[in-house]
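Okay, structure first, notes after.
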Amino acid sequence: MGRSRRTLPEELLLLALDPATGTTAQPQSLDLGLAGAQLVELALAGRIAPDGDRIAVVVPRPTGDPTLDCALELLRRRGAPVRAVHWIGGPRLGLRQIYLSHLERCGMVAAVPGQMCGVLPTTRYQATDTAISREIRARLDNAIRTGVPPDPRTAALAALAHAVGLGKHLYPGNEGRSSRSRLRDLIRHDPMGGLVAHAVMDVQNGAVAQPRRGPAAAGRPAGPGTRSVAEPARGVPMQPHRGSMARAVAH
């Protein structure tokens with residue numbers, strides 16, 4: 001995978017970055033969305049595919065993107081398809097910070113150090129090329145305005161934006177209600193994006209006891225080893241305690 005194209009996690013993060021404050025909207029759910037966006041990006045690259053409500057590795061060859069390849073390797077080590085909701089619900093080690101640092105290295109954002117309450121060090125991130133963020137936003141706006149089915153990448157981005165709650169950030173107030181509704185409706189245009197978006201929402205709602213059944217999953221009983229979402233995915237590092245971080249990242 002070349003680096004000429006921005007990945008979905010990068011686009012989702014840029015979409016969530018508030019240009020006025022340098023913070024990210026919906027920080028908790030955004031972390032889930034970034035994990036889900038990795039799955040969609042790997043699917044678009046032909047490395048994984050949906051298997052009912054599960055994710056199966058079909059081509060374990062690396063993509064060339066270190067962060068995506070780490071996720072791909074963890075999926076490969078599982079040895080069997082994993083439920084999307086369990087993968088997304090597993091703790092991640094600073095995924096949002098990893099992508100913010102990557103965007104900083106690429107020159108798309110600049111880190112601005114500051115202090116919280118005049119004491120705690122914080123870091124805010126300002127977009128250095130607002131044209132990129134405007135282009136991403138324009139793709140969503142165009143899909144909402146025209147009603148023309150978007151390409152799979154844009155449809156998946158819309159599904160993830162809705163799933164993490166960015167609709168009220170992008171289209172606020174009563175005047176944005178119809179746009180938020182159409183953003184939600186775009187979820188149907190990409191099966192993988194829809195599967196991942198529903199998994200993100202299920203994790204947030206805690207409604208993960210019963211698997212969503214796709215055509216391939218119909219009639220398949222849940223395996224005896226099925227875990228609750230509270231159990232982290234095997235091989236996925238645990239999230240460190242915030243107090244152990246040397247530098248607080250502003251939300």
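Ordering of the structure tokens sets the chain letters (A, B, ...); residue numbers start at 1 within each chain; ligands are numbered from 1 in the order shown.
Residues of range 43-229 of chain A carrying a DSSP assignment of strand (DSSP E), computed from the backbone, are Ile48, Ala49, Pro50, Asp51, Arg54, Ile55, Ala56, Val57, Val82, Arg83, Val109, Ala110, Ala111, Val112, Pro113, Gly114, Gln115, Met116, Leu120, Pro121, Thr122, Thr123, Arg124, Tyr125, Gln126 and Ala127 of chain A.
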Name the residues of range 3-245 of chain A that fall into helix (DSSP H, G or I) according to DSSP on the backbone, using the chain letters and numbers of this document, as a ChimeraX atom specification.
-> /A:8-16,27-44,66-78,84-89,95-105,130-146,152-163,167-170,174-189,191-205,215-217,242-244
For range 168-212 of chain A against range 143-150 of chain A, with a cut-off of 10 Å and counting only C-alpha atoms, what is the closest atom pair and its distance in Å to one decimal for every residue that makes the cut, ordered by chain and number, as JSON lines?
{"residue": "A:Ser178", "atom": "CA", "partner": "A:Ile144", "partner_atom": "CA", "distance": 9.3}
{"residue": "A:Ser179", "atom": "CA", "partner": "A:Ile144", "partner_atom": "CA", "distance": 6.6}
{"residue": "A:Arg180", "atom": "CA", "partner": "A:Ile144", "partner_atom": "CA", "distance": 8.8}
{"residue": "A:Ser181", "atom": "CA", "partner": "A:Ile144", "partner_atom": "CA", "distance": 9.2}
{"residue": "A:Arg182", "atom": "CA", "partner": "A:Ile144", "partner_atom": "CA", "distance": 5.8}
{"residue": "A:Leu183", "atom": "CA", "partner": "A:Ile144", "partner_atom": "CA", "distance": 6.3}
{"residue": "A:Arg184", "atom": "CA", "partner": "A:Ile144", "partner_atom": "CA", "distance": 9.6}
{"residue": "A:Asp185", "atom": "CA", "partner": "A:Ile144", "partner_atom": "CA", "distance": 9.0}
{"residue": "A:Leu186", "atom": "CA", "partner": "A:Pro149", "partner_atom": "CA", "distance": 7.8}
{"residue": "A:Arg188", "atom": "CA", "partner": "A:Pro149", "partner_atom": "CA", "distance": 9.5}
{"residue": "A:His189", "atom": "CA", "partner": "A:Pro149", "partner_atom": "CA", "distance": 6.6}
{"residue": "A:Asp190", "atom": "CA", "partner": "A:Pro150", "partner_atom": "CA", "distance": 9.0}
Residues just named, written with all heavy atoms as an mmCIF file, in the first residue's frame:
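The result, written out as selection25.cif:
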data_model
loop_
_atom_site.group_PDB
_atom_site.id
_atom_site.type_symbol
_atom_site.label_atom_id
_atom_site.label_comp_id
_atom_site.auth_asym_id
_atom_site.auth_seq_id
_atom_site.Cartn_x
_atom_site.Cartn_y
_atom_site.Cartn_z
ATOM 1 N N SER A 178 -31.270 17.052 9.562
ATOM 2 C CA SER A 178 -31.472 16.263 8.339
ATOM 3 C C SER A 178 -30.141 15.740 7.798
ATOM 4 O O SER A 178 -30.073 14.615 7.281
ATOM 5 C CB SER A 178 -32.183 17.098 7.274
ATOM 6 O OG SER A 178 -31.409 18.237 6.926
ATOM 7 N N SER A 179 -29.088 16.533 7.928
ATOM 8 C CA SER A 179 -27.768 16.076 7.476
ATOM 9 C C SER A 179 -27.276 14.923 8.329
ATOM 10 O O SER A 179 -26.677 13.965 7.819
ATOM 11 C CB SER A 179 -26.759 17.231 7.524
ATOM 12 O OG SER A 179 -27.079 18.226 6.567
ATOM 13 N N ARG A 180 -27.518 14.989 9.629
ATOM 14 C CA ARG A 180 -27.121 13.885 10.504
ATOM 15 C C ARG A 180 -27.876 12.613 10.138
ATOM 16 O O ARG A 180 -27.312 11.510 10.163
ATOM 17 C CB ARG A 180 -27.367 14.245 11.979
ATOM 18 C CG ARG A 180 -26.477 15.353 12.501
ATOM 19 C CD ARG A 180 -26.501 15.427 14.016
ATOM 20 N NE ARG A 180 -27.820 15.706 14.566
ATOM 21 C CZ ARG A 180 -28.299 16.914 14.801
ATOM 22 N NH1 ARG A 180 -27.562 17.984 14.486
ATOM 23 N NH2 ARG A 180 -29.493 17.081 15.344
ATOM 24 N N SER A 181 -29.150 12.766 9.794
ATOM 25 C CA SER A 181 -29.949 11.613 9.399
ATOM 26 C C SER A 181 -29.418 10.994 8.109
ATOM 27 O O SER A 181 -29.309 9.770 7.992
ATOM 28 C CB SER A 181 -31.412 12.024 9.227
ATOM 29 O OG SER A 181 -32.198 10.938 8.787
ATOM 30 N N ARG A 182 -29.066 11.842 7.142
ATOM 31 C CA ARG A 182 -28.539 11.318 5.879
ATOM 32 C C ARG A 182 -27.150 10.716 6.062
ATOM 33 O O ARG A 182 -26.791 9.748 5.385
ATOM 34 C CB ARG A 182 -28.524 12.432 4.829
ATOM 35 C CG ARG A 182 -29.922 12.800 4.328
ATOM 36 C CD ARG A 182 -29.867 13.658 3.076
ATOM 37 N NE ARG A 182 -29.403 15.015 3.365
ATOM 38 C CZ ARG A 182 -30.199 16.025 3.708
ATOM 39 N NH1 ARG A 182 -31.510 15.830 3.808
ATOM 40 N NH2 ARG A 182 -29.712 17.226 3.931
ATOM 41 N N LEU A 183 -26.368 11.272 6.990
ATOM 42 C CA LEU A 183 -25.060 10.690 7.298
ATOM 43 C C LEU A 183 -25.236 9.264 7.815
ATOM 44 O O LEU A 183 -24.527 8.347 7.401
ATOM 45 C CB LEU A 183 -24.337 11.542 8.348
ATOM 46 C CG LEU A 183 -22.949 11.060 8.785
ATOM 47 C CD1 LEU A 183 -21.950 11.248 7.661
ATOM 48 C CD2 LEU A 183 -22.485 11.814 10.036
ATOM 49 N N ARG A 184 -26.221 9.089 8.693
ATOM 50 C CA ARG A 184 -26.508 7.760 9.221
ATOM 51 C C ARG A 184 -26.941 6.814 8.105
ATOM 52 O O ARG A 184 -26.538 5.646 8.075
ATOM 53 C CB ARG A 184 -27.618 7.868 10.268
ATOM 54 C CG ARG A 184 -28.050 6.534 10.886
ATOM 55 C CD ARG A 184 -29.349 6.697 11.612
ATOM 56 N NE ARG A 184 -30.414 7.088 10.694
ATOM 57 C CZ ARG A 184 -31.400 7.932 10.989
ATOM 58 N NH1 ARG A 184 -31.485 8.483 12.184
ATOM 59 N NH2 ARG A 184 -32.319 8.232 10.080
ATOM 60 N N ASP A 185 -27.717 7.305 7.159
ATOM 61 C CA ASP A 185 -28.224 6.445 6.091
ATOM 62 C C ASP A 185 -27.129 5.959 5.144
ATOM 63 O O ASP A 185 -27.293 4.931 4.470
ATOM 64 C CB ASP A 185 -29.297 7.183 5.278
ATOM 65 C CG ASP A 185 -30.575 7.412 6.084
ATOM 66 O OD1 ASP A 185 -30.739 6.735 7.114
ATOM 67 O OD2 ASP A 185 -31.373 8.277 5.687
ATOM 68 N N LEU A 186 -26.007 6.686 5.082
ATOM 69 C CA LEU A 186 -24.920 6.278 4.189
ATOM 70 C C LEU A 186 -24.266 4.974 4.629
ATOM 71 O O LEU A 186 -23.499 4.378 3.877
ATOM 72 C CB LEU A 186 -23.853 7.384 4.118
ATOM 73 C CG LEU A 186 -24.253 8.672 3.396
ATOM 74 C CD1 LEU A 186 -23.158 9.716 3.511
ATOM 75 C CD2 LEU A 186 -24.574 8.397 1.935
ATOM 76 N N ARG A 188 -25.422 2.154 4.749
ATOM 77 C CA ARG A 188 -25.854 0.980 3.973
ATOM 78 C C ARG A 188 -25.056 0.796 2.689
ATOM 79 O O ARG A 188 -25.198 -0.241 2.022
ATOM 80 C CB ARG A 188 -27.339 1.110 3.629
ATOM 81 C CG ARG A 188 -27.661 2.182 2.609
ATOM 82 C CD ARG A 188 -29.166 2.268 2.358
ATOM 83 N NE ARG A 188 -29.510 3.167 1.288
ATOM 84 C CZ ARG A 188 -29.679 4.464 1.422
ATOM 85 N NH1 ARG A 188 -29.533 5.022 2.619
ATOM 86 N NH2 ARG A 188 -29.992 5.223 0.389
ATOM 87 N N HIS A 189 -24.222 1.775 2.312
ATOM 88 C CA HIS A 189 -23.546 1.712 1.013
ATOM 89 C C HIS A 189 -22.232 0.934 1.039
ATOM 90 O O HIS A 189 -21.620 0.753 -0.023
ATOM 91 C CB HIS A 189 -23.303 3.121 0.478
ATOM 92 C CG HIS A 189 -24.551 3.836 0.065
ATOM 93 N ND1 HIS A 189 -25.353 3.393 -0.968
ATOM 94 C CD2 HIS A 189 -25.160 4.938 0.572
ATOM 95 C CE1 HIS A 189 -26.395 4.200 -1.097
ATOM 96 N NE2 HIS A 189 -26.305 5.145 -0.172
ATOM 97 N N ASP A 190 -21.776 0.507 2.208
ATOM 98 C CA ASP A 190 -20.552 -0.280 2.261
ATOM 99 C C ASP A 190 -20.711 -1.366 3.311
ATOM 100 O O ASP A 190 -20.770 -1.069 4.504
ATOM 101 C CB ASP A 190 -19.336 0.598 2.593
ATOM 102 C CG ASP A 190 -18.050 -0.229 2.661
ATOM 103 O OD1 ASP A 190 -17.688 -0.829 1.641
ATOM 104 O OD2 ASP A 190 -17.431 -0.283 3.738
#
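Nearest to Leu74 in chain A of all the residues A:Trp87, A:Tyr171, A:Tyr125, A:Tyr99 is A:Trp87, based on only C-alpha atoms.
CA of Gly36 in chain A to CA of Gly64 in chain A spans 18.8 Å [interatomic distance, one decimal].
Using only C-alpha atoms, the shortest contact distance between Val196 in chain A and any of A:Leu17, A:Ala163, A:Leu72, A:Ala45 is found at A:Ala163.
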Between CA of Pro9 in chain A and CA of Gln126 in chain A lies a distance of 17.3 Å
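Closest approach to Thr21 in chain A from the set A:Ala35, A:Leu103, A:Val112, A:Val57 is made by A:Val112, with distances taken over only C-alpha atoms.
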Between A:Gly193, A:Gly89, A:Pro19, A:Pro27, which has the minimum distance to Val109 in chain A (counting only C-alpha atoms)?
-> A:Pro19
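Closest to Ser29 in chain A among A:Ala155, A:Val59, A:Ile132, A:Ala16 is A:Ala16, based on only C-alpha atoms.
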Contacts of Pro113 in chain A within 9 Å, only C-alpha atoms, excl. fewer than 3 positions in-chain, as a ChimeraX atom specification | /A:121-125
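With distances restricted to only C-alpha atoms, A:His198 is the closest residue to Val164 in chain A from A:Arg139, A:Arg92, A:His198, A:Arg177.
Coordinates place CA of Val82 in chain A at a distance of 11.1 Å from CA of Ile48 in chain A.
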For Leu14 in chain A: contacts at 12 Å, only C-alpha atoms, fewer than 3 positions along chain excluded, given as JSON, numbers by chain | {"A": [6, 7, 8, 9, 10, 11, 17, 18, 19, 22, 23, 24, 25, 30, 34, 96, 99, 100, 102, 103, 104, 108, 109, 125, 126, 127, 128, 129, 130, 131, 132, 133, 134, 135, 136, 137, 157, 161, 166, 170]}
Neighbour list for Ile55 in chain A as a VMD selection string, cut-off 7 Å, only C-alpha atoms, skip fewer than 4 positions in-chain = chain A and resid 48 to 51 81 to 84
